[in-house]
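Everything below concerns the one structure shown next.
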Amino acid sequence: MSKGTTRRLLAADAQSDRIVPPSRITTYLTFFAAAAMAFLAVFALALALTAGRVADRWSDDASQSATLRISGATDQREAQTEAALGILQETPGIASSRPLSAEEQAALLAPWLGTDLPLGDLPLPQLIEVIADETGYDSDALQQRLTDEVPGAVLDDHSRWSAPVVDAAHGLRRLGLISLLLIGGTMAAMIMLAARAALAANAQVIEVLRLVGAQDRFVTRAFERRLTLRAFIGSGAGMVLGVLAVMLLPSSGDVDGFLTDIGFRGIDWLTPLLVPILTAVVAFGATWLAARQKLTEFS
């Protein structure tokens with residue numbers, strides 16, 4: 001919508017309001033439809049932003065971290081670990097590397113094996129944490145060198161488990177965006193039905209206006225203003241309720257997940273403000289299209 005159209009919608013127009021008698025049915029339908037769709041749009045927006053945030057974070061973490069597993073003989077493991085650390089220190093693109101302690105490895109296995117199992121009696125491999133810098137490193141070349149110089153060393157870049165999870169997060173983001181499109185389409189359809197119902201209910205008024213010389217554009221503007229403002233106010237109320245509902249969702253702290261921390265972070269809290277604005281644009285376009293079709297039928 002242009003600036004002139006926006007000013008015309010917001011400015012009071014007594015003549016325009018008088019030619020459109022108030023209708024409770026269209027008023028309630030437009031208001032509650034816009035409020036309900038805006039409420040759902042806030043949740044779809046929160047889901048899309050959260051899934052995108054999780055996907056980006058996990059993708060960055062997976063690309064920067066890797067695990068080197070030393071599975072050689074027990075009496076040679078210490079020497080192999082030292083040799084592997086030397087290779088990692090010489091490899092361009094690796095920011096840091098360190099062997100995990102027995103306590104850290106036990107913590108990693110605790111969810112599956114429990115805390116009471118004597119892990120010291122098991123032939124566990126030595127794990128080395130590898131952190132890449134911003135430039136990254138050639139994992140294939142590093143694995144080949146480790147195979148040649150440190151038998152039993154296996155480099156795991158976490159791509160086997162991280163790629164499906166990141167893809168799932170991207171899929172959830174796409175689902176949220178598709179939901180927003182469906183919500184917008186449903187809202188447009190409901191407002192078009194409300195506009196057509198209002199035009200049909202005021203068919204005699206429109207006919208009289210035509211007889212006295214009123215142009216269809218004058219009639220259309222009256223309906224555009226009334227239904228657009230109703231949709232804007234209704235979506236504003238739905239947006240506020242949606243934001244409050246998102247704020248009441250449980251949080252898991254600083255850990256991003258799919259089922260927890262669905263919400264907004266930082267500047268993302270401003271994005272719900274776009275919902276009433278976009279709703280007004282959709283309502284304006286839907287009303288204009290419905291009025292054009294209906295007035296053509298009256299001709």
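Here's how to read the names in the structure tokens: chain A, B, ... by the order shown, residue numbers from 1 in each chain, ligand numbers from 1 in the order shown.
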Inset, instruction - Find the residues near stretch 241-248 of chain A: any atom within 9 Å, counting only C-alpha atoms, skip ones fewer than 2 places away on the same chain, and give them as a count of residues only. - result: 19
Legend entry - Contacts of A:Ala194 within 12 Å, only C-alpha atoms, excl. fewer than 2 positions in-chain, as a VMD selection string: chain A and resid 23 to 34 187 to 192 196 to 201 223 to 224 226 to 228 230 to 231 283 286 to 287 290 to 291 294
Could you turn the residues from that selection into a file that holds C-alpha atoms, as a PDB file, in the first residue's frame?
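What ended up in out02.pdb:
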```
ATOM      1  CA  SER A  23     -22.824  -5.300  10.408  1.00  0.00           C
ATOM      2  CA  ARG A  24     -22.232  -7.429  13.480  1.00  0.00           C
ATOM      3  CA  ILE A  25     -21.630 -10.583  11.467  1.00  0.00           C
ATOM      4  CA  THR A  26     -18.866  -9.129   9.312  1.00  0.00           C
ATOM      5  CA  THR A  27     -17.445  -7.239  12.290  1.00  0.00           C
ATOM      6  CA  TYR A  28     -17.122 -10.355  14.443  1.00  0.00           C
ATOM      7  CA  LEU A  29     -15.988 -12.542  11.547  1.00  0.00           C
ATOM      8  CA  THR A  30     -13.235 -10.178  10.451  1.00  0.00           C
ATOM      9  CA  PHE A  31     -12.056  -9.400  13.987  1.00  0.00           C
ATOM     10  CA  PHE A  32     -11.934 -12.960  15.301  1.00  0.00           C
ATOM     11  CA  ALA A  33     -10.551 -14.420  12.073  1.00  0.00           C
ATOM     12  CA  ALA A  34      -7.713 -11.889  12.085  1.00  0.00           C
ATOM     13  CA  MET A 187      -6.954 -15.060   6.426  1.00  0.00           C
ATOM     14  CA  ALA A 188      -7.322 -13.595   2.920  1.00  0.00           C
ATOM     15  CA  ALA A 189     -10.071 -16.093   2.098  1.00  0.00           C
ATOM     16  CA  MET A 190     -11.986 -15.299   5.303  1.00  0.00           C
ATOM     17  CA  ILE A 191     -11.756 -11.556   4.765  1.00  0.00           C
ATOM     18  CA  MET A 192     -12.885 -11.957   1.156  1.00  0.00           C
ATOM     19  CA  ARG A 196     -18.571 -10.228  -0.140  1.00  0.00           C
ATOM     20  CA  ALA A 197     -21.153 -10.763   2.603  1.00  0.00           C
ATOM     21  CA  ALA A 198     -21.024  -7.072   3.545  1.00  0.00           C
ATOM     22  CA  LEU A 199     -21.324  -6.009  -0.095  1.00  0.00           C
ATOM     23  CA  ALA A 200     -24.257  -8.364  -0.656  1.00  0.00           C
ATOM     24  CA  ALA A 201     -26.009  -7.089   2.477  1.00  0.00           C
ATOM     25  CA  PHE A 223     -15.351  -1.176   2.529  1.00  0.00           C
ATOM     26  CA  GLU A 224     -11.549  -1.235   2.282  1.00  0.00           C
ATOM     27  CA  ARG A 226     -13.672  -0.569   7.484  1.00  0.00           C
ATOM     28  CA  LEU A 227     -12.539  -4.168   6.935  1.00  0.00           C
ATOM     29  CA  THR A 228      -8.823  -3.305   6.884  1.00  0.00           C
ATOM     30  CA  ARG A 230     -11.032  -4.332  11.751  1.00  0.00           C
ATOM     31  CA  ALA A 231      -8.460  -6.867  10.561  1.00  0.00           C
ATOM     32  CA  ALA A 283      -7.065  -7.467   4.270  1.00  0.00           C
ATOM     33  CA  ALA A 286      -8.647  -9.189  -0.257  1.00  0.00           C
ATOM     34  CA  THR A 287     -11.289  -6.495   0.229  1.00  0.00           C
ATOM     35  CA  ALA A 290     -13.855  -8.983  -3.356  1.00  0.00           C
ATOM     36  CA  ALA A 291     -15.350  -5.524  -3.966  1.00  0.00           C
ATOM     37  CA  LYS A 294     -19.006  -8.175  -6.371  1.00  0.00           C
TER      38      LYS A 294
END
```
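Atom CA of A:Leu142 to atom CA of A:Asp75 spans 24.2 Å [interatomic distance, one decimal].
Atom pair atom CA of A:Asp216 / atom CA of A:Val281 has a distance of 20.6 Å (rounded to one decimal).
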Legend entry - Neighbour list for A:Pro92 as an NGL selection string, cut-off 12 Å, only C-alpha atoms, skip fewer than 6 positions in-chain: :A and (131-139 or 141-142)
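The space separating atom CA of A:Ala84 from atom CA of A:Ala163 comes to 26.3 Å.
The residues of stretch 41-167 of chain A that DSSP classifies as strand (DSSP E), using the backbone of this structure, are Ser65, Ala66, Thr67, Leu68, Arg69, Ile70, Ile94, Ala95, Ser96, Ser97, Arg98, Pro99, Gln126, Leu127, Ile128, Glu129, Val130, Ile131, Ala132, Ala153, Val154, Leu155 and Asp156 of chain A.
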Inset, instruction - Would you kindly return, as a PyMOL selection string, each protein, DNA or RNA residue with an atom no farther than 12 Å from any atom of A:Asp140, considering only C-alpha atoms and excluding same-chain residues fewer than 2 positions away? - result: chain A and resi 137-138+142-147+154-157
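Among the candidates A:Ile87, A:Leu211, A:Ala44, A:Val54, the one nearest to A:Asp148 when counting only C-alpha atoms is A:Ile87.
In terms of minimum interatomic distance to A:Ile206, A:Leu295 ranks closest within A:Ile70, A:Leu273, A:Leu278, A:Leu295, counting only C-alpha atoms.
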